[in-house]
Amino acid sequence: MVTAAHSRPVTAVAAEPPVSPIAAARRAPSVRHLGPNWYACVMGTAVVGTAGAALPWHVPGWHTLCTAVWALSLLLLGALLVARSLHWLHHRDQARAHLLDPAAAPFYGCLSMALLAVGGGAVTLGRDWIGAAASVALCAVLFAAGTAVGLAVAVAVPYLMAVRHRIEPGQAGPVWLLPLVSPMVSAAVGPLLVPHLPPGQPRETLLLACVALFGMSLLATLVTLPLIFGRLLTGGPPPLALTPTLFLVLGPLGQSTTAVGQFAEVAPGVLRGPYATGFEVFGVLYGVPVLGFALLWLGLAAAHVVRARREGMGFSMTWWSFTFPVGTCVTGSEALARQTGLAAYDALTVVLYGVLVAAWAVAAVHTARGVVSGALLAAPRPASGAPRPGTARTT
């Protein structure tokens, strides 16, 4: 037997040559230029469903409609995860270019927020269709994955910006907030899972972990926002295609208001009396002024968008900036309405939700047209006076 084994002919296996970018582009060409910014479609769709479910009205069939919108976001998430996996598999040169592009790298935070946005909707909406146990399990998986990705991105992207990217002071923009706001989304979604944990330390640990995530994102936002505001005031308006990104500033403002509202609702059954009361007080004392600043920024950003539209701003994927950030202000207003009982916040919630739905409808229609025509998935075309190709496409 040994002799027979050694008598077998040995066939040499030649090493496969490296795949060139041109050859790679021929594999799954439709996803070559599919950047991480596409996860904004998932975020914006999910928040339409979750924010709508908490509106202060009871319309027959409304909850079912919101659940259907959430289910759509779940399908979009699955499709994009597959497409982005193909992107990394067949177009690693382009994927690495995104990481090394200061205009594209911050959008990796959208993956985390997409996972978390859909996960939060699983508990509030998905349980009607897939059952309580399955909805909690889905939320737990997406929360864990989204939080892990968010923490990694919150460290990796600023590190790359400092070490590998070449950034000038005048390049500060709202997209810098994307990797920093991801932990804040985790802080707002995590409390939804607290009641489903065993009483005692498991619940308290998760709640305080969410508070730590809140602080992590808040402090990072507080040191970054002055750079963005200063750049806007001293450097002039942003390029037309980037003007909608001004709405991204609303994200950490509305999401932090939502998070403290969630803390206030969950804390009484988890923490001891003084701390639970403290969270209820903090929810109002923090949420009211921060949402007030969010409304100020909303007016400022809207004025810039009107100006840019008059000067010829066309559709781009940056229009999805009108959706999720506004949605966080809707959920923040809903939280304040529950805490204060003021009808003014109920009215504000309805108005903001109307803006959200209109923005989502416009962005969704234009995106669908761009996908069908292939325009949004095509290679970026340089234009005179426009940002460089990486910036123009990935934002």
# chains A, B, ... in the order shown; residues from 1 in each chain; ligands from 1
>>> residues_around(residues="range 375-377 of chain A", least_positions_apart="6", cutoff="10 Å", atoms="only C-alpha atoms", output="VMD selection string")
chain A and resid 29 to 35 316 to 317 366 to 369 393
>>> residues_around(residues="Leu99 in chain A", least_positions_apart="3", cutoff="10 Å", atoms="only C-alpha atoms", output="PyMOL selection string")
chain A and resi 36+94-96+102-108+156-157+160-161+164-165
>>> write_last_selection(atoms="N, CA and C atoms", output="compact mmCIF listing (two decimals), in the first residue's frame")
# COMPACT_ATOMS: atom_id res chain seq x y z
N PRO A 36 -20.68 52.26 0.85
CA PRO A 36 -21.38 52.07 2.12
C PRO A 36 -22.47 53.08 2.37
N GLN A 94 -11.64 48.56 -4.99
CA GLN A 94 -12.57 49.67 -4.80
C GLN A 94 -12.95 49.80 -3.33
N ALA A 95 -13.13 48.67 -2.65
CA ALA A 95 -13.48 48.71 -1.23
C ALA A 95 -12.36 49.35 -0.42
N ARG A 96 -11.12 49.01 -0.73
CA ARG A 96 -9.99 49.63 -0.02
C ARG A 96 -9.90 51.11 -0.35
N PRO A 102 -11.23 60.00 2.41
CA PRO A 102 -11.83 60.70 3.54
C PRO A 102 -13.29 61.08 3.33
N ALA A 103 -13.74 61.10 2.07
CA ALA A 103 -15.14 61.40 1.81
C ALA A 103 -16.02 60.18 1.91
N ALA A 104 -15.43 58.99 1.76
CA ALA A 104 -16.22 57.75 1.76
C ALA A 104 -16.15 57.00 3.07
N ALA A 105 -15.00 57.02 3.73
CA ALA A 105 -14.80 56.21 4.93
C ALA A 105 -15.84 56.47 6.02
N PRO A 106 -16.22 57.73 6.29
CA PRO A 106 -17.22 57.94 7.36
C PRO A 106 -18.54 57.23 7.11
N PHE A 107 -18.86 56.92 5.86
CA PHE A 107 -20.14 56.28 5.56
C PHE A 107 -20.19 54.83 6.02
N TYR A 108 -19.07 54.28 6.47
CA TYR A 108 -19.12 52.93 7.03
C TYR A 108 -19.95 52.92 8.32
N ALA A 156 -11.96 53.24 14.18
CA ALA A 156 -11.14 53.05 12.98
C ALA A 156 -11.16 54.26 12.06
N VAL A 157 -12.35 54.85 11.84
CA VAL A 157 -12.44 55.95 10.88
C VAL A 157 -11.68 57.19 11.38
N LEU A 160 -8.01 56.44 10.83
CA LEU A 160 -7.60 56.57 9.43
C LEU A 160 -7.54 58.03 9.02
N MET A 161 -8.46 58.82 9.50
CA MET A 161 -8.46 60.25 9.17
C MET A 161 -7.19 60.92 9.68
N ARG A 164 -3.91 58.11 7.82
CA ARG A 164 -3.81 57.79 6.40
C ARG A 164 -4.40 58.86 5.50
N HIS A 165 -5.50 59.49 5.94
CA HIS A 165 -6.13 60.50 5.08
C HIS A 165 -5.36 61.81 5.14
>>> closest_residue(among="A:Leu271, A:Leu352, A:Ala140, A:Leu242", to="Ala301 in chain A", atoms="only C-alpha atoms")
A:Leu242
>>> select_by_dssp(residues="range 153-316 of chain A", states="helix (DSSP H, G or I)", output="PyMOL selection string")
chain A and resi 153-163+169-171+174-192+194-196+201-234+240-269+273-310
>>> residues_around(residues="range 252-254 of chain A", least_positions_apart="3", cutoff="8 Å", atoms="only C-alpha atoms", output="PDB file with C-alpha atoms, in the first residue's frame")
ATOM      1  CA  LEU A 177     -20.476  62.697  12.412  1.00  0.00           C
ATOM      2  CA  VAL A 181     -23.334  58.816  15.991  1.00  0.00           C
ATOM      3  CA  MET A 184     -25.860  56.829  20.029  1.00  0.00           C
ATOM      4  CA  SER A 217     -21.156  59.468  21.155  1.00  0.00           C
ATOM      5  CA  LEU A 218     -22.252  62.702  22.811  1.00  0.00           C
ATOM      6  CA  THR A 221     -20.127  64.931  18.768  1.00  0.00           C
ATOM      7  CA  VAL A 249     -26.225  67.172  12.177  1.00  0.00           C
ATOM      8  CA  THR A 257     -33.056  63.048  22.810  1.00  0.00           C
ATOM      9  CA  THR A 258     -34.630  59.709  21.908  1.00  0.00           C
ATOM     10  CA  VAL A 290     -31.267  69.829  22.532  1.00  0.00           C
ATOM     11  CA  LEU A 291     -34.402  69.400  20.437  1.00  0.00           C
ATOM     12  CA  PHE A 293     -31.203  73.431  18.884  1.00  0.00           C
ATOM     13  CA  ALA A 294     -32.172  70.685  16.418  1.00  0.00           C
ATOM     14  CA  PRO A 325     -31.778  62.466  10.784  1.00  0.00           C
ATOM     15  CA  VAL A 326     -35.269  63.988  10.583  1.00  0.00           C
ATOM     16  CA  GLY A 327     -36.670  60.670  11.798  1.00  0.00           C
ATOM     17  CA  THR A 328     -34.556  60.867  14.949  1.00  0.00           C
ATOM     18  CA  CYS A 329     -36.104  64.269  15.660  1.00  0.00           C
ATOM     19  CA  VAL A 330     -39.544  62.682  15.266  1.00  0.00           C
ATOM     20  CA  THR A 331     -38.728  59.955  17.807  1.00  0.00           C
ATOM     21  CA  GLY A 332     -37.137  62.532  20.109  1.00  0.00           C
TER      22      GLY A 332
END
>>> atom_distance(atom1="CA of Val47 in chain A", atom2="CA of Leu232 in chain A")
27.7 Å
>>> residues_around(residues="Ala148 in chain A", least_positions_apart="5", cutoff="12 Å", atoms="only C-alpha atoms", output="PDB file with N, CA and C atoms, in the first residue's frame")
ATOM      1  N   GLY A 109     -20.151  54.076   8.921  1.00  0.00           N
ATOM      2  CA  GLY A 109     -21.046  54.141  10.069  1.00  0.00           C
ATOM      3  C   GLY A 109     -22.481  53.840   9.711  1.00  0.00           C
ATOM      4  N   LEU A 111     -23.566  51.347   7.979  1.00  0.00           N
ATOM      5  CA  LEU A 111     -23.828  49.917   8.155  1.00  0.00           C
ATOM      6  C   LEU A 111     -24.314  49.636   9.563  1.00  0.00           C
ATOM      7  N   SER A 112     -23.621  50.177  10.546  1.00  0.00           N
ATOM      8  CA  SER A 112     -24.023  49.987  11.939  1.00  0.00           C
ATOM      9  C   SER A 112     -25.423  50.520  12.186  1.00  0.00           C
ATOM     10  N   MET A 113     -25.700  51.728  11.719  1.00  0.00           N
ATOM     11  CA  MET A 113     -26.999  52.338  11.987  1.00  0.00           C
ATOM     12  C   MET A 113     -28.128  51.639  11.248  1.00  0.00           C
ATOM     13  N   LEU A 115     -28.227  48.343  10.640  1.00  0.00           N
ATOM     14  CA  LEU A 115     -28.495  47.150  11.451  1.00  0.00           C
ATOM     15  C   LEU A 115     -29.324  47.506  12.682  1.00  0.00           C
ATOM     16  N   LEU A 116     -28.956  48.592  13.340  1.00  0.00           N
ATOM     17  CA  LEU A 116     -29.637  48.980  14.574  1.00  0.00           C
ATOM     18  C   LEU A 116     -31.048  49.494  14.305  1.00  0.00           C
ATOM     19  N   VAL A 141     -29.750  40.090  17.867  1.00  0.00           N
ATOM     20  CA  VAL A 141     -28.666  39.807  16.917  1.00  0.00           C
ATOM     21  C   VAL A 141     -28.233  41.084  16.201  1.00  0.00           C
ATOM     22  N   LEU A 142     -29.208  41.838  15.706  1.00  0.00           N
ATOM     23  CA  LEU A 142     -28.875  43.062  14.975  1.00  0.00           C
ATOM     24  C   LEU A 142     -28.293  44.122  15.909  1.00  0.00           C
ATOM     25  N   PHE A 143     -28.768  44.166  17.157  1.00  0.00           N
ATOM     26  CA  PHE A 143     -28.205  45.117  18.117  1.00  0.00           C
ATOM     27  C   PHE A 143     -26.747  44.783  18.417  1.00  0.00           C
ATOM     28  N   VAL A 153     -16.080  51.137  13.940  1.00  0.00           N
ATOM     29  CA  VAL A 153     -16.021  52.265  13.008  1.00  0.00           C
ATOM     30  C   VAL A 153     -15.707  53.564  13.746  1.00  0.00           C
ATOM     31  N   ALA A 154     -16.269  53.735  14.947  1.00  0.00           N
ATOM     32  CA  ALA A 154     -16.037  54.959  15.712  1.00  0.00           C
ATOM     33  C   ALA A 154     -14.569  55.141  16.079  1.00  0.00           C
ATOM     34  N   VAL A 155     -13.830  54.049  16.139  1.00  0.00           N
ATOM     35  CA  VAL A 155     -12.394  54.120  16.408  1.00  0.00           C
ATOM     36  C   VAL A 155     -11.596  54.135  15.107  1.00  0.00           C
ATOM     37  N   SER A 182     -23.062  56.428  15.551  1.00  0.00           N
ATOM     38  CA  SER A 182     -23.478  55.023  15.609  1.00  0.00           C
ATOM     39  C   SER A 182     -23.694  54.535  17.043  1.00  0.00           C
ATOM     40  N   PRO A 183     -22.774  54.805  17.987  1.00  0.00           N
ATOM     41  CA  PRO A 183     -23.031  54.369  19.364  1.00  0.00           C
ATOM     42  C   PRO A 183     -24.279  55.004  19.976  1.00  0.00           C
ATOM     43  N   SER A 186     -27.150  52.869  19.088  1.00  0.00           N
ATOM     44  CA  SER A 186     -27.157  51.704  19.987  1.00  0.00           C
ATOM     45  C   SER A 186     -27.745  52.071  21.341  1.00  0.00           C
ATOM     46  N   LEU A 213     -22.594  54.235  26.068  1.00  0.00           N
ATOM     47  CA  LEU A 213     -22.590  54.484  24.626  1.00  0.00           C
ATOM     48  C   LEU A 213     -23.099  55.885  24.312  1.00  0.00           C
TER      49      LEU A 213
END
>>> residues_around(residues="Pro226 in chain A", least_positions_apart="4", cutoff="12 Å", atoms="only C-alpha atoms", output="CSV table (one decimal) with N, CA and C atoms, in the first residue's frame")
chain,number,residue,atom,x,y,z
A,172,ALA,N,-13.8,70.1,6.8
A,172,ALA,CA,-14.7,69.6,7.9
A,172,ALA,C,-16.1,69.6,7.4
A,173,GLY,N,-16.9,68.5,7.6
A,173,GLY,CA,-18.2,68.5,7.1
A,173,GLY,C,-19.1,67.6,7.9
A,174,PRO,N,-20.4,67.6,7.8
A,174,PRO,CA,-21.3,66.8,8.6
A,174,PRO,C,-21.1,65.3,8.5
A,176,TRP,N,-18.5,63.8,8.9
A,176,TRP,CA,-17.6,63.3,10.0
A,176,TRP,C,-18.4,62.8,11.2
A,177,LEU,N,-19.7,63.2,11.3
A,177,LEU,CA,-20.5,62.7,12.4
A,177,LEU,C,-21.0,61.3,12.2
A,219,LEU,N,-20.0,63.1,23.6
A,219,LEU,CA,-18.8,63.8,23.8
A,219,LEU,C,-18.0,63.9,22.5
A,220,ALA,N,-18.0,62.9,21.7
A,220,ALA,CA,-17.3,62.9,20.4
A,220,ALA,C,-18.0,63.9,19.5
A,221,THR,N,-19.4,64.0,19.6
A,221,THR,CA,-20.1,64.9,18.8
A,221,THR,C,-19.9,66.4,19.2
A,222,LEU,N,-19.7,66.6,20.5
A,222,LEU,CA,-19.5,67.9,21.0
A,222,LEU,C,-18.2,68.5,20.6
A,230,GLY,N,-18.2,76.0,12.5
A,230,GLY,CA,-17.2,77.0,12.1
A,230,GLY,C,-16.9,77.0,10.6
A,231,ARG,N,-16.7,75.8,10.0
A,231,ARG,CA,-16.5,75.6,8.6
A,231,ARG,C,-17.6,76.2,7.8
A,232,LEU,N,-18.9,76.0,8.2
A,232,LEU,CA,-20.0,76.5,7.5
A,232,LEU,C,-20.1,78.1,7.5
A,233,LEU,N,-19.7,78.6,8.7
A,233,LEU,CA,-19.8,80.1,8.8
A,233,LEU,C,-18.6,80.8,8.1
A,234,THR,N,-17.4,80.2,8.1
A,234,THR,CA,-16.2,80.9,7.6
A,234,THR,C,-15.8,80.4,6.2
A,249,VAL,N,-26.4,66.6,10.8
A,249,VAL,CA,-26.2,67.2,12.2
A,249,VAL,C,-27.4,66.9,13.1
>>> residues_around(residues="Pro195 in chain A", least_positions_apart="2", cutoff="12 Å", atoms="only C-alpha atoms", output="PyMOL selection string")
chain A and resi 123+136+190-193+197-200+202-204+206-207+262-263+265-270
>>> closest_residue(among="A:Val149, A:Ala187, A:Ala54, A:Ala79", to="Thr124 in chain A", atoms="only C-alpha atoms")
A:Ala54
>>> atom_distance(atom1="CA of Arg166 in chain A", atom2="CA of Phe229 in chain A")
20.7 Å
>>> closest_residue(among="A:Gly119, A:Gly44, A:Gly370, A:Gly146", to="Phe322 in chain A", atoms="only C-alpha atoms")
A:Gly44
>>> atom_distance(atom1="CA of Phe247 in chain A", atom2="CA of Thr147 in chain A")
23.1 Å
>>> decode(residues="range 180-213 of chain A", atoms="N, CA and C atoms", output="PDB file, in the first residue's frame")
ATOM      1  N   LEU A 180     -19.448  58.636  14.394  1.00  0.00           N
ATOM      2  CA  LEU A 180     -19.539  58.982  15.809  1.00  0.00           C
ATOM      3  C   LEU A 180     -20.943  58.822  16.366  1.00  0.00           C
ATOM      4  N   VAL A 181     -21.953  58.903  15.518  1.00  0.00           N
ATOM      5  CA  VAL A 181     -23.334  58.816  15.991  1.00  0.00           C
ATOM      6  C   VAL A 181     -23.807  57.370  16.108  1.00  0.00           C
ATOM      7  N   SER A 182     -23.062  56.428  15.551  1.00  0.00           N
ATOM      8  CA  SER A 182     -23.478  55.023  15.609  1.00  0.00           C
ATOM      9  C   SER A 182     -23.694  54.535  17.043  1.00  0.00           C
ATOM     10  N   PRO A 183     -22.774  54.805  17.987  1.00  0.00           N
ATOM     11  CA  PRO A 183     -23.031  54.369  19.364  1.00  0.00           C
ATOM     12  C   PRO A 183     -24.279  55.004  19.976  1.00  0.00           C
ATOM     13  N   MET A 184     -24.654  56.190  19.511  1.00  0.00           N
ATOM     14  CA  MET A 184     -25.860  56.829  20.029  1.00  0.00           C
ATOM     15  C   MET A 184     -27.105  56.071  19.586  1.00  0.00           C
ATOM     16  N   VAL A 185     -27.082  55.532  18.370  1.00  0.00           N
ATOM     17  CA  VAL A 185     -28.201  54.716  17.905  1.00  0.00           C
ATOM     18  C   VAL A 185     -28.303  53.449  18.746  1.00  0.00           C
ATOM     19  N   SER A 186     -27.150  52.869  19.088  1.00  0.00           N
ATOM     20  CA  SER A 186     -27.157  51.704  19.987  1.00  0.00           C
ATOM     21  C   SER A 186     -27.745  52.071  21.341  1.00  0.00           C
ATOM     22  N   ALA A 187     -27.407  53.260  21.829  1.00  0.00           N
ATOM     23  CA  ALA A 187     -27.921  53.702  23.123  1.00  0.00           C
ATOM     24  C   ALA A 187     -29.433  53.844  23.111  1.00  0.00           C
ATOM     25  N   ALA A 188     -30.003  54.204  21.960  1.00  0.00           N
ATOM     26  CA  ALA A 188     -31.452  54.367  21.862  1.00  0.00           C
ATOM     27  C   ALA A 188     -32.176  53.048  21.642  1.00  0.00           C
ATOM     28  N   VAL A 189     -31.516  52.070  21.005  1.00  0.00           N
ATOM     29  CA  VAL A 189     -32.152  50.787  20.710  1.00  0.00           C
ATOM     30  C   VAL A 189     -32.009  49.813  21.866  1.00  0.00           C
ATOM     31  N   GLY A 190     -30.887  49.848  22.567  1.00  0.00           N
ATOM     32  CA  GLY A 190     -30.625  48.899  23.645  1.00  0.00           C
ATOM     33  C   GLY A 190     -31.703  48.822  24.713  1.00  0.00           C
ATOM     34  N   PRO A 191     -32.262  49.968  25.161  1.00  0.00           N
ATOM     35  CA  PRO A 191     -33.310  49.887  26.188  1.00  0.00           C
ATOM     36  C   PRO A 191     -34.524  49.071  25.788  1.00  0.00           C
ATOM     37  N   LEU A 192     -34.755  48.893  24.495  1.00  0.00           N
ATOM     38  CA  LEU A 192     -35.883  48.072  24.059  1.00  0.00           C
ATOM     39  C   LEU A 192     -35.701  46.612  24.459  1.00  0.00           C
ATOM     40  N   LEU A 193     -34.453  46.194  24.644  1.00  0.00           N
ATOM     41  CA  LEU A 193     -34.169  44.813  25.011  1.00  0.00           C
ATOM     42  C   LEU A 193     -34.114  44.609  26.523  1.00  0.00           C
ATOM     43  N   VAL A 194     -33.994  45.696  27.275  1.00  0.00           N
ATOM     44  CA  VAL A 194     -33.837  45.581  28.733  1.00  0.00           C
ATOM     45  C   VAL A 194     -34.973  44.791  29.376  1.00  0.00           C
ATOM     46  N   PRO A 195     -36.254  45.064  29.081  1.00  0.00           N
ATOM     47  CA  PRO A 195     -37.334  44.304  29.734  1.00  0.00           C
ATOM     48  C   PRO A 195     -37.327  42.812  29.414  1.00  0.00           C
ATOM     49  N   HIS A 196     -36.620  42.405  28.377  1.00  0.00           N
ATOM     50  CA  HIS A 196     -36.608  40.997  27.981  1.00  0.00           C
ATOM     51  C   HIS A 196     -35.463  40.219  28.622  1.00  0.00           C
ATOM     52  N   LEU A 197     -34.650  40.897  29.430  1.00  0.00           N
ATOM     53  CA  LEU A 197     -33.573  40.234  30.156  1.00  0.00           C
ATOM     54  C   LEU A 197     -34.045  39.840  31.546  1.00  0.00           C
ATOM     55  N   PRO A 198     -33.358  38.904  32.202  1.00  0.00           N
ATOM     56  CA  PRO A 198     -33.711  38.548  33.580  1.00  0.00           C
ATOM     57  C   PRO A 198     -33.565  39.758  34.502  1.00  0.00           C
ATOM     58  N   PRO A 199     -34.442  39.898  35.496  1.00  0.00           N
ATOM     59  CA  PRO A 199     -34.334  41.033  36.418  1.00  0.00           C
ATOM     60  C   PRO A 199     -33.000  41.025  37.158  1.00  0.00           C
ATOM     61  N   GLY A 200     -32.609  42.193  37.614  1.00  0.00           N
ATOM     62  CA  GLY A 200     -31.380  42.294  38.382  1.00  0.00           C
ATOM     63  C   GLY A 200     -30.233  42.830  37.547  1.00  0.00           C
ATOM     64  N   GLN A 201     -29.068  42.253  37.754  1.00  0.00           N
ATOM     65  CA  GLN A 201     -27.874  42.771  37.119  1.00  0.00           C
ATOM     66  C   GLN A 201     -27.892  42.725  35.591  1.00  0.00           C
ATOM     67  N   PRO A 202     -28.469  41.701  34.942  1.00  0.00           N
ATOM     68  CA  PRO A 202     -28.491  41.739  33.471  1.00  0.00           C
ATOM     69  C   PRO A 202     -29.176  42.987  32.917  1.00  0.00           C
ATOM     70  N   ARG A 203     -30.328  43.337  33.483  1.00  0.00           N
ATOM     71  CA  ARG A 203     -31.018  44.532  33.006  1.00  0.00           C
ATOM     72  C   ARG A 203     -30.233  45.803  33.321  1.00  0.00           C
ATOM     73  N   GLU A 204     -29.716  45.886  34.534  1.00  0.00           N
ATOM     74  CA  GLU A 204     -28.981  47.083  34.923  1.00  0.00           C
ATOM     75  C   GLU A 204     -27.703  47.236  34.103  1.00  0.00           C
ATOM     76  N   THR A 205     -27.039  46.118  33.818  1.00  0.00           N
ATOM     77  CA  THR A 205     -25.798  46.177  33.031  1.00  0.00           C
ATOM     78  C   THR A 205     -26.058  46.699  31.630  1.00  0.00           C
ATOM     79  N   LEU A 206     -27.101  46.178  30.988  1.00  0.00           N
ATOM     80  CA  LEU A 206     -27.394  46.635  29.631  1.00  0.00           C
ATOM     81  C   LEU A 206     -27.797  48.099  29.619  1.00  0.00           C
ATOM     82  N   LEU A 207     -28.615  48.509  30.581  1.00  0.00           N
ATOM     83  CA  LEU A 207     -29.055  49.900  30.614  1.00  0.00           C
ATOM     84  C   LEU A 207     -27.864  50.843  30.806  1.00  0.00           C
ATOM     85  N   LEU A 208     -26.989  50.537  31.747  1.00  0.00           N
ATOM     86  CA  LEU A 208     -25.842  51.410  31.988  1.00  0.00           C
ATOM     87  C   LEU A 208     -24.832  51.340  30.840  1.00  0.00           C
ATOM     88  N   ALA A 209     -24.765  50.199  30.160  1.00  0.00           N
ATOM     89  CA  ALA A 209     -23.917  50.123  28.970  1.00  0.00           C
ATOM     90  C   ALA A 209     -24.438  51.065  27.891  1.00  0.00           C
ATOM     91  N   CYS A 210     -25.757  51.149  27.766  1.00  0.00           N
ATOM     92  CA  CYS A 210     -26.353  52.086  26.806  1.00  0.00           C
ATOM     93  C   CYS A 210     -26.065  53.528  27.210  1.00  0.00           C
ATOM     94  N   VAL A 211     -26.059  53.803  28.505  1.00  0.00           N
ATOM     95  CA  VAL A 211     -25.717  55.152  28.969  1.00  0.00           C
ATOM     96  C   VAL A 211     -24.263  55.472  28.618  1.00  0.00           C
ATOM     97  N   ALA A 212     -23.385  54.482  28.756  1.00  0.00           N
ATOM     98  CA  ALA A 212     -21.978  54.688  28.387  1.00  0.00           C
ATOM     99  C   ALA A 212     -21.846  54.961  26.886  1.00  0.00           C
ATOM    100  N   LEU A 213     -22.594  54.235  26.068  1.00  0.00           N
ATOM    101  CA  LEU A 213     -22.590  54.484  24.626  1.00  0.00           C
ATOM    102  C   LEU A 213     -23.099  55.885  24.312  1.00  0.00           C
TER     103      LEU A 213
END
